[in-house]
Amino acid sequence: MLELDHVTVRFGGLTAVQDVSLRMGSDQVVGLVGPNGAGKTTLFNVISGLVRPASGSRVLFDGRDITRLPLHRRARLGLGRSFQIPQPMHELTVRENLIVAQRFGAGRVDPQKIDRILELMELGEQAERDAANGLALQELKRLEVAKALATEPKLLLLDEVLAGLETLAKRAFMAKLRELHETLGLGILIIEHDIETISSLCHRVAVLDFGQLIADGTPGEVFSNPDVIRSYTGAESAETQHA
Amino acid sequence: MFELILQALYSGLLVGGVYALIALGLALTFGTMRVINLAHGELVLLAAYMAYVVESRLQLNPVFAVPLAVLVACTCSALVYLLVDRIRKNRELNSLMLTFAIGIIITNAVLLIFSGDVRSTGSPFMQDAVQLGPLFSMKSELGAFVVSLVLVLALWQWLSRSWYGRAVRAVSSNRDAAKLMGINPAKTELISFIVAGALAACAGVALYSSSVVHPPLGHALTVKAFIITVLAGVGSVPGVLAAALLLGVTEAMTVTLWSSALQELVGMTLFLVVLLVLPNGLFGSAKRRG
């Protein structure tokens, strides 16, 4: 469904992402991990269209080259995204955020589906509230996912959507994500720092370090990889220390 | 004295309604594109001169100029958008220079074509007096006020209920988030410039019908619209209406109680006082912009 083909991003003299190639299908939940500044969010920005990659890079979605496609057209193709810092459309109510996303992203209006998303994301009570005022961080994070869901995506990009949540809230949110993946057949690419979360949620994990993809595999394989341990935690693995 | 104050209050409210139309256009384009269109007052001026053309050449009531004025002002507003949209670097600053230059070009074109003479409607029907108790106004002033209120309410409804109205609010709230929801920002911005042009057209015909127009008026109207937008706080249609009425009343009171020479000064003073005391405007919220 999603294919990144030799993606490189440069900001002036700084190479934020270097020659990253990655594939994922709609039947997968893939975790994207790495230390701060590894290029995870930049890669999300490339996929969603906020950042244009260097020449030679290609982003394909459902077999179509979307490298030069504007953001709004990518959203209409089925790419949904949440931001690390919630970005509600604050002049609209919570419900309006969703119906605008559905009307322009999915190209149709289905109030019952909006109600189901509000219920699923536990935003029913806040539905008529102005998104600018009175929403707690957890609610804003749920609104981020709800907005993306309203566009009826095939692939959901979640940028640290679990960060800052209490353990119980995090578990509940993870259960919702699993449910979304299983019931809607939604592919999920998620940036997350918590290894335990990634291990229990994802089928596959890709690790970025200094903009390069250093590992890609099952959580078990990746988190026992000495390169990953070295770059991600700064510690040496037992095997490496022995050697 | 009391009747004089009451009359000033009434006259101020009537002119404030037209100010609201002008300011809403400026606020709309600023909201969606983060660009202050310094040629907005000149669009109103163009529309006012279309009313003059229709009345003087075709011998028709200036109200019949509305379709022509809408066509001219919307086309010019769309052209302003297309030019601003081509600016890739430092758009907020460079667009100020660009739209200021467009305003000067329009003012000078009007000056060349129509001369610098002051123009106003000669229609006896529009100039007839209407009495409401102790209060007097011209028919055209009352008509312009009523039409302005209707248009402000229509705009409010459009922004609240229509899909593209909601898209305008979404882009105004958060451009990137709106794009990720599938909204085409370029189309939304163009629509907001065309709607602003239509509002400017109606305001221009209303001004010509109820007041006097002359080429330098465009710049003064842009300044008033800017003052009102800042007074209201960006993002509030009722706020813009209230701020416009406040400015109209303050100006009328100043002219009645002190001197007409202080009319422009009082608007700027009000603007500075509100900025000092309430930096988010009278109706803006600090939370709105996150």
# chains A, B, ... in the order shown; residues from 1 in each chain; ligands from 1
$ closest_atom_pairs --of "range 91-203 of chain B" --to "range 104-119 of chain A" --cutoff "10 Å" --atoms "only C-alpha atoms" --output "JSON lines"
{"residue": "B:Trp163", "atom": "CA", "partner": "A:Phe104", "partner_atom": "CA", "distance": 8.7}
{"residue": "B:Tyr164", "atom": "CA", "partner": "A:Phe104", "partner_atom": "CA", "distance": 9.7}
{"residue": "B:Ala167", "atom": "CA", "partner": "A:Phe104", "partner_atom": "CA", "distance": 8.6}
{"residue": "B:Ala178", "atom": "CA", "partner": "A:Phe104", "partner_atom": "CA", "distance": 9.3}
{"residue": "B:Lys179", "atom": "CA", "partner": "A:Gly105", "partner_atom": "CA", "distance": 9.1}
{"residue": "B:Leu180", "atom": "CA", "partner": "A:Gly105", "partner_atom": "CA", "distance": 7.9}
{"residue": "B:Met181", "atom": "CA", "partner": "A:Gly105", "partner_atom": "CA", "distance": 5.1}
{"residue": "B:Gly182", "atom": "CA", "partner": "A:Gly105", "partner_atom": "CA", "distance": 4.2}
{"residue": "B:Ile183", "atom": "CA", "partner": "A:Phe104", "partner_atom": "CA", "distance": 5.6}
{"residue": "B:Asn184", "atom": "CA", "partner": "A:Phe104", "partner_atom": "CA", "distance": 8.5}
$ interface_residues --of "chain A" --to "chain B" --cutoff "6 Å" --atoms "only C-alpha atoms" --output "MDAnalysis selection string"
chainID A and resid 71:72 75:76 89:91 101 104:105 132
$ write_last_selection --atoms "C-alpha atoms" --output "mmCIF file, in the first residue's frame"
data_model
loop_
_atom_site.group_PDB
_atom_site.id
_atom_site.type_symbol
_atom_site.label_atom_id
_atom_site.label_comp_id
_atom_site.auth_asym_id
_atom_site.auth_seq_id
_atom_site.Cartn_x
_atom_site.Cartn_y
_atom_site.Cartn_z
ATOM 1 C CA LEU A 71 -1.512 17.413 0.665
ATOM 2 C CA HIS A 72 -5.236 17.725 0.149
ATOM 3 C CA ALA A 75 -5.828 13.004 2.016
ATOM 4 C CA ARG A 76 -8.526 12.280 -0.570
ATOM 5 C CA MET A 89 -9.298 23.491 13.463
ATOM 6 C CA HIS A 90 -10.074 25.678 16.432
ATOM 7 C CA GLU A 91 -12.710 27.934 14.901
ATOM 8 C CA ALA A 101 -12.858 16.222 7.335
ATOM 9 C CA PHE A 104 -13.638 17.158 1.949
ATOM 10 C CA GLY A 105 -11.497 14.098 2.727
ATOM 11 C CA ALA A 132 -10.237 25.867 20.795
#
$ residues_around --residues "Val29 in chain A" --least-positions-apart "6" --cutoff "6 Å" --atoms "only C-alpha atoms" --output "short mmCIF file (atom, residue, chain, number, x, y, z; two decimals) with C-alpha atoms, in the first residue's frame"
data_model
loop_
_atom_site.label_atom_id
_atom_site.label_comp_id
_atom_site.auth_asym_id
_atom_site.auth_seq_id
_atom_site.Cartn_x
_atom_site.Cartn_y
_atom_site.Cartn_z
CA GLY A 187 -2.99 0.14 7.95
CA ILE A 188 -1.26 2.07 10.75
CA LEU A 189 2.20 3.61 10.76
CA CYS A 202 3.05 -3.49 16.00
CA HIS A 203 3.64 -6.34 13.61
#
$ residues_around --residues "Phe44 in chain A" --least-positions-apart "5" --cutoff "9 Å" --atoms "only C-alpha atoms" --output "PyMOL selection string"
chain A and resi 39+49-51+81+157-159+191
$ write_last_selection --atoms "N, CA and C atoms" --output "compact mmCIF listing (two decimals), in the first residue's frame"
# COMPACT_ATOMS: atom_id res chain seq x y z
N GLY A 39 14.66 11.67 12.40
CA GLY A 39 14.02 11.94 11.09
C GLY A 39 12.65 11.30 10.96
N GLY A 49 3.01 14.91 2.67
CA GLY A 49 3.13 15.97 1.67
C GLY A 49 3.52 17.33 2.22
N LEU A 50 3.86 17.38 3.51
CA LEU A 50 4.26 18.67 4.10
C LEU A 50 5.68 19.05 3.72
N VAL A 51 6.49 18.04 3.43
CA VAL A 51 7.89 18.29 3.05
C VAL A 51 8.16 17.59 1.72
N ARG A 81 -3.63 11.50 8.82
CA ARG A 81 -2.47 11.77 9.66
C ARG A 81 -2.85 12.52 10.93
N LEU A 157 -1.37 7.64 9.71
CA LEU A 157 -0.04 7.98 10.23
C LEU A 157 -0.24 8.63 11.59
N LEU A 158 0.27 8.01 12.63
CA LEU A 158 0.06 8.53 13.99
C LEU A 158 1.40 8.96 14.58
N ASP A 159 1.52 10.27 14.83
CA ASP A 159 2.79 10.80 15.33
C ASP A 159 2.71 11.01 16.84
N ILE A 191 4.55 6.51 15.09
CA ILE A 191 5.80 6.91 15.74
C ILE A 191 5.57 6.83 17.24
$ closest_residue --among "A:Ser82, A:Arg64, A:Lys147, A:Arg58" --to "Ile99 in chain A" --atoms "only C-alpha atoms"
A:Lys147
$ select_by_dssp --residues "range 106-181 of chain A" --states "alpha helix (DSSP H)" --output "ChimeraX atom specification"
/A:111-120,137-150,167-181
$ write_last_selection --atoms "C-alpha atoms" --output "CSV table (one decimal), in the first residue's frame"
chain,number,residue,atom,x,y,z
A,111,PRO,CA,-23.7,11.9,10.1
A,112,GLN,CA,-24.2,8.4,11.6
A,113,LYS,CA,-20.6,7.6,10.9
A,114,ILE,CA,-19.5,10.8,12.5
A,115,ASP,CA,-21.5,9.8,15.6
A,116,ARG,CA,-19.8,6.4,15.6
A,117,ILE,CA,-16.4,8.0,15.4
A,118,LEU,CA,-17.3,10.4,18.2
A,119,GLU,CA,-18.4,7.4,20.3
A,120,LEU,CA,-15.4,5.3,19.5
A,137,LEU,CA,-4.7,17.0,26.0
A,138,GLN,CA,-6.1,13.4,25.9
A,139,GLU,CA,-9.3,14.7,24.3
A,140,LEU,CA,-7.3,16.7,21.7
A,141,LYS,CA,-5.2,13.6,20.9
A,142,ARG,CA,-8.4,11.6,20.4
A,143,LEU,CA,-9.7,14.5,18.2
A,144,GLU,CA,-6.6,14.2,16.1
A,145,VAL,CA,-7.3,10.5,15.4
A,146,ALA,CA,-11.0,11.1,15.0
A,147,LYS,CA,-10.3,13.8,12.3
A,148,ALA,CA,-8.1,11.5,10.4
A,149,LEU,CA,-10.7,8.6,10.7
A,150,ALA,CA,-13.4,10.9,9.4
A,167,THR,CA,-0.5,4.1,31.6
A,168,LEU,CA,-4.2,3.1,31.7
A,169,ALA,CA,-5.2,5.7,29.1
A,170,LYS,CA,-2.4,4.5,26.9
A,171,ARG,CA,-3.6,0.9,27.1
A,172,ALA,CA,-7.1,2.0,26.4
A,173,PHE,CA,-5.9,4.0,23.3
A,174,MET,CA,-3.9,1.0,22.1
A,175,ALA,CA,-6.9,-1.2,22.4
A,176,LYS,CA,-8.8,1.3,20.2
A,177,LEU,CA,-6.0,1.3,17.6
A,178,ARG,CA,-6.0,-2.5,17.5
A,179,GLU,CA,-9.8,-2.4,17.1
A,180,LEU,CA,-9.5,0.1,14.2
A,181,HIS,CA,-6.9,-2.0,12.5
$ select_by_dssp --residues "range 67-148 of chain B" --states "strand (DSSP E or B)" --output "VMD selection string"
chain B and resid 119 129 to 132 135 to 138
$ write_last_selection --atoms "N, CA and C atoms" --output "mmCIF file, in the first residue's frame"
data_model
loop_
_atom_site.group_PDB
_atom_site.id
_atom_site.type_symbol
_atom_site.label_atom_id
_atom_site.label_comp_id
_atom_site.auth_asym_id
_atom_site.auth_seq_id
_atom_site.Cartn_x
_atom_site.Cartn_y
_atom_site.Cartn_z
ATOM 1 N N ARG B 119 -18.074 63.024 -5.807
ATOM 2 C CA ARG B 119 -19.305 62.546 -6.469
ATOM 3 C C ARG B 119 -20.276 62.019 -5.419
ATOM 4 N N ALA B 129 -35.813 62.286 2.804
ATOM 5 C CA ALA B 129 -35.620 62.086 4.244
ATOM 6 C C ALA B 129 -36.600 61.049 4.776
ATOM 7 N N VAL B 130 -36.125 60.280 5.759
ATOM 8 C CA VAL B 130 -36.989 59.328 6.464
ATOM 9 C C VAL B 130 -36.941 59.726 7.933
ATOM 10 N N GLN B 131 -38.111 59.825 8.537
ATOM 11 C CA GLN B 131 -38.146 60.203 9.949
ATOM 12 C C GLN B 131 -38.558 59.006 10.800
ATOM 13 N N LEU B 132 -37.756 58.724 11.809
ATOM 14 C CA LEU B 132 -38.098 57.670 12.778
ATOM 15 C C LEU B 132 -38.171 58.365 14.137
ATOM 16 N N LEU B 135 -35.642 61.081 14.933
ATOM 17 C CA LEU B 135 -34.407 60.824 14.185
ATOM 18 C C LEU B 135 -34.632 60.938 12.680
ATOM 19 N N PHE B 136 -33.649 61.535 12.014
ATOM 20 C CA PHE B 136 -33.738 61.722 10.563
ATOM 21 C C PHE B 136 -32.572 61.051 9.855
ATOM 22 N N SER B 137 -32.893 60.577 8.652
ATOM 23 C CA SER B 137 -31.806 60.100 7.780
ATOM 24 C C SER B 137 -32.302 60.146 6.341
ATOM 25 N N MET B 138 -31.375 59.950 5.406
ATOM 26 C CA MET B 138 -31.809 59.813 4.014
ATOM 27 C C MET B 138 -32.311 58.380 3.827
#
$ residues_around --residues "range 251-267 of chain B" --least-positions-apart "3" --cutoff "6 Å" --atoms "only C-alpha atoms" --output "MDAnalysis selection string"
chainID B and resid 8 12 248 270
$ write_last_selection --atoms "C-alpha atoms" --output "PDB file, in the first residue's frame"
ATOM      1  CA  ALA B   8     -25.378  61.392  16.161  1.00  0.00           C
ATOM      2  CA  GLY B  12     -23.134  56.616  13.486  1.00  0.00           C
ATOM      3  CA  GLY B 248     -19.284  54.667  13.294  1.00  0.00           C
ATOM      4  CA  LEU B 270      -9.781  54.064  19.811  1.00  0.00           C
TER       5      LEU B 270
END
$ atom_distance --atom1 "CA of Ser48 in chain A" --atom2 "CA of Arg68 in chain A"
10.7 Å
$ closest_atom_pairs --of "range 53-164 of chain B" --to "range 211-230 of chain B" --cutoff "6 Å" --atoms "only C-alpha atoms" --output "CSV"
residue,atom,partner,partner_atom,distance
B:Thr107,CA,B:Pro215,CA,5.6
B:Leu111,CA,B:Pro215,CA,5.9
B:Val118,CA,B:His214,CA,4.8
B:Arg119,CA,B:Val213,CA,5.2
B:Ser120,CA,B:Val212,CA,4.6
$ residues_around --residues "Leu208 in chain A" --least-positions-apart "6" --cutoff "6 Å" --atoms "only C-alpha atoms" --output "PyMOL selection string"
chain A and resi 34+38+214
$ write_last_selection --atoms "C-alpha atoms" --output "short mmCIF file (atom, residue, chain, number, x, y, z; two decimals), in the first residue's frame"
data_model
loop_
_atom_site.label_atom_id
_atom_site.label_comp_id
_atom_site.auth_asym_id
_atom_site.auth_seq_id
_atom_site.Cartn_x
_atom_site.Cartn_y
_atom_site.Cartn_z
CA GLY A 34 14.43 6.12 16.77
CA ALA A 38 16.33 10.67 13.86
CA ILE A 214 19.13 0.85 10.42
#
$ residues_around --residues "Gly41 in chain B" --least-positions-apart "2" --cutoff "12 Å" --atoms "only C-alpha atoms" --output "count of residues only"
48
$ closest_residue --among "B:Val18, B:Arg34, B:Gly239, B:Val150" --to "Leu93 in chain B" --atoms "only C-alpha atoms"
B:Arg34
